[in-house]
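Engineer: What follows is a structure written as structure tokens; I'll ask about it next.
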Amino acid sequence: MTKGAGMIHPNMATLLGVTCTDVPIPPTHLQQLLNYAVDRSFNTISIDGSTSTNDTLAILANGAAGGVGISEDSSEDFIAMRKVLTEFTQELSQLVVHDGEGATKFVRVRVMNSPSFRDTKLIASSIARDTLVKTALYGKDANWGRILCAIGYTDLTNPKTVVPAKTSVSFIPADGSEALKLVVNGEPENIDEARAAEILAPENLEILVDLGGGLDGDGREEASYWFCDLSHEYVTINADYRT
């Protein structure tokens, strides 16, 4: 179980979560599993870009299932447990975004074909917390310039990560229909505004950023963030809030 609706941004922010398992596994391996899962779930969500001191995610294991248990961090059982825990924490963390204060959109930003996993996460984080991106999505505006701006101001660790002439941005509709290409290899597309409005009308949306492999062209790293838009209701909730 987990709770949280505002002040949500890594590292975890105002959030409480508890997961339980009956798998027999020592604490050291359990911590490894949790670190891996959180790095791909609770530390990849954002509601408003704000954090606080009050955050906890715990995992409890009582070993009640019995059996041999997980004793090696390279074993098939360890890898299988890691996959299950990561998928479960992703589902829980995404529910937090769905419940975000004033949220009308649930958005995944996926950054792919990057030479650096760290930079890939940083770019996704920049887009997810950018106020102008969030307000554009609330207004159903296919404003690709704000997405490129967020990519551009990201403090990257590898100068080869982003090459403007290789960068592409698309909207992926929730219904599985054809993607709407906004920017292809650094060049803006002629956008069908009616199609853009159609894609932006539902709650769910994916923003796909393809870095084209970076400067050397061989980057294959990928990372995602899940976030929501910024609405009038969010402002109202937090403008009226008093401690």
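Going through the structure tokens in order, the chains are called A, B, and so on, while each chain numbers its residues from 1 and the ligands are numbered from 1 in the order shown.
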How would you write, as a ChimeraX atom specification, the set of residues in segment 1-215 of chain A that DSSP gives as strand (DSSP E or B)?
Structural biologist: /A:2-3,15-21,45-46,55-61,106-114,168-173,180-184,187-188,204-210
Engineer: Please list as a list in words every residue within 10 Å of Gly152 of chain A, counting only C-alpha atoms and excluding residues in the same chain fewer than 5 positions away.
Structural biologist: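 The contact residues come out as Ile123, Ser126, Arg146, Ile147, Val162 and Pro164 of chain A.
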Engineer: Contacts of segment 136-144 of chain A at 9 Å or less, counting only C-alpha atoms, minus same-chain residues fewer than 3 places along, as a list in words?
Structural biologist: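 Residues near the query, excluding close chain neighbours: Ala103, Thr104, Lys105, Thr131, Leu132, Val133, Ile147, Leu148, Cys149, Val169, Ser170, Phe171, Leu182, Val183, Pro188, Ile191, Glu193, Ala196, Ala197, Ile199, Leu200, Ala201, Cys228, Asp229, Leu230 and Ser231 of chain A.
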Engineer: Could you find all residues in segment 80-242 of chain A that DSSP calls helix (DSSP H, G or I) from the backbone, and write them as number ranges by chain?
Structural biologist: A: 80-98, 117-129, 131-138, 144-152, 164-166, 193-200, 232-239
Engineer: Measuring atom to atom with only C-alpha atoms, identify which of A:Ile70, A:Leu205, A:Ala194, A:Leu95 is nearest to Arg82 of chain A.
Structural biologist: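 Under the stated criterion, the closest residue is A:Ile70.
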Engineer: What gap, in Å, lies between atom CA of Gly145 of chain A and atom CA of Ser41 of chain A?
Structural biologist: 27.3 Å
Engineer: Please provide as a JSON list (two decimals) with N, CA and C atoms, in the first residue's frame all residues within 10 Å of Thr44 of chain A, with the sequence filter that same-chain residues fewer than 5 positions apart are discarded (counting only C-alpha atoms).
Structural biologist:
```json
[["chain", "number", "residue", "atom", "x", "y", "z"],
["A", 9, "HIS", "N", 8.10, 14.16, -5.65],
["A", 9, "HIS", "CA", 9.20, 14.19, -6.62],
["A", 9, "HIS", "C", 10.40, 13.54, -5.93],
["A", 10, "PRO", "N", 11.23, 12.79, -6.65],
["A", 10, "PRO", "CA", 12.39, 12.15, -6.00],
["A", 10, "PRO", "C", 13.25, 13.17, -5.26],
["A", 11, "ASN", "N", 13.85, 12.75, -4.17],
["A", 11, "ASN", "CA", 13.77, 11.39, -3.66],
["A", 11, "ASN", "C", 12.55, 11.16, -2.79],
["A", 12, "MET", "N", 11.58, 10.67, -3.35],
["A", 12, "MET", "CA", 10.29, 10.16, -2.89],
["A", 12, "MET", "C", 9.35, 11.20, -2.29],
["A", 38, "VAL", "N", 12.95, 0.77, -6.51],
["A", 38, "VAL", "CA", 12.61, 2.18, -6.24],
["A", 38, "VAL", "C", 13.23, 3.10, -7.28],
["A", 39, "ASP", "N", 14.42, 2.76, -7.73],
["A", 39, "ASP", "CA", 15.09, 3.58, -8.73],
["A", 39, "ASP", "C", 14.33, 3.61, -10.05],
["A", 90, "GLN", "N", 6.22, -0.13, -9.48],
["A", 90, "GLN", "CA", 5.82, 0.79, -10.55],
["A", 90, "GLN", "C", 4.31, 0.99, -10.56],
["A", 93, "SER", "N", 3.43, 3.18, -7.51],
["A", 93, "SER", "CA", 3.87, 4.57, -7.65],
["A", 93, "SER", "C", 3.05, 5.31, -8.69],
["A", 94, "GLN", "N", 2.65, 4.62, -9.74],
["A", 94, "GLN", "CA", 1.84, 5.27, -10.77],
["A", 94, "GLN", "C", 0.44, 5.60, -10.27],
["A", 108, "ARG", "N", 3.35, 9.48, -19.27],
["A", 108, "ARG", "CA", 4.65, 8.82, -19.22],
["A", 108, "ARG", "C", 5.56, 9.53, -20.21],
["A", 121, "LYS", "N", 17.66, 9.50, -17.40],
["A", 121, "LYS", "CA", 16.77, 9.77, -16.26],
["A", 121, "LYS", "C", 16.69, 11.27, -15.97],
["A", 122, "LEU", "N", 17.81, 11.95, -16.08],
["A", 122, "LEU", "CA", 17.82, 13.39, -15.81],
["A", 122, "LEU", "C", 16.94, 14.14, -16.81],
["A", 124, "ALA", "N", 14.38, 12.88, -18.54],
["A", 124, "ALA", "CA", 12.98, 12.54, -18.24],
["A", 124, "ALA", "C", 12.48, 13.31, -17.03],
["A", 125, "SER", "N", 13.33, 13.45, -16.02],
["A", 125, "SER", "CA", 12.96, 14.20, -14.82],
["A", 125, "SER", "C", 12.73, 15.67, -15.13],
["A", 128, "ALA", "N", 9.40, 16.00, -16.81],
["A", 128, "ALA", "CA", 8.29, 15.68, -15.90],
["A", 128, "ALA", "C", 8.00, 16.79, -14.90],
["A", 223, "ALA", "N", 14.95, 5.31, -20.22],
["A", 223, "ALA", "CA", 14.39, 5.55, -18.90],
["A", 223, "ALA", "C", 13.05, 6.25, -19.05],
["A", 224, "SER", "N", 12.19, 6.06, -18.05],
["A", 224, "SER", "CA", 10.86, 6.67, -18.07],
["A", 224, "SER", "C", 10.58, 7.40, -16.77],
["A", 225, "TYR", "N", 9.73, 8.40, -16.86],
["A", 225, "TYR", "CA", 9.15, 9.08, -15.71],
["A", 225, "TYR", "C", 7.65, 9.12, -15.92],
["A", 226, "TRP", "N", 6.92, 9.10, -14.81],
["A", 226, "TRP", "CA", 5.47, 9.23, -14.87],
["A", 226, "TRP", "C", 5.09, 10.49, -14.09],
["A", 227, "PHE", "N", 4.24, 11.31, -14.68],
["A", 227, "PHE", "CA", 3.89, 12.57, -14.03],
["A", 227, "PHE", "C", 2.48, 13.00, -14.45]]
```
Engineer: Have a look at A:Thr19, A:Thr236, A:Thr120, A:Asn62 and name the one nearest to Thr161 of chain A; count only C-alpha atoms.
Structural biologist: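 The shortest atom-to-atom distance to Thr161 of chain A comes from A:Thr120.
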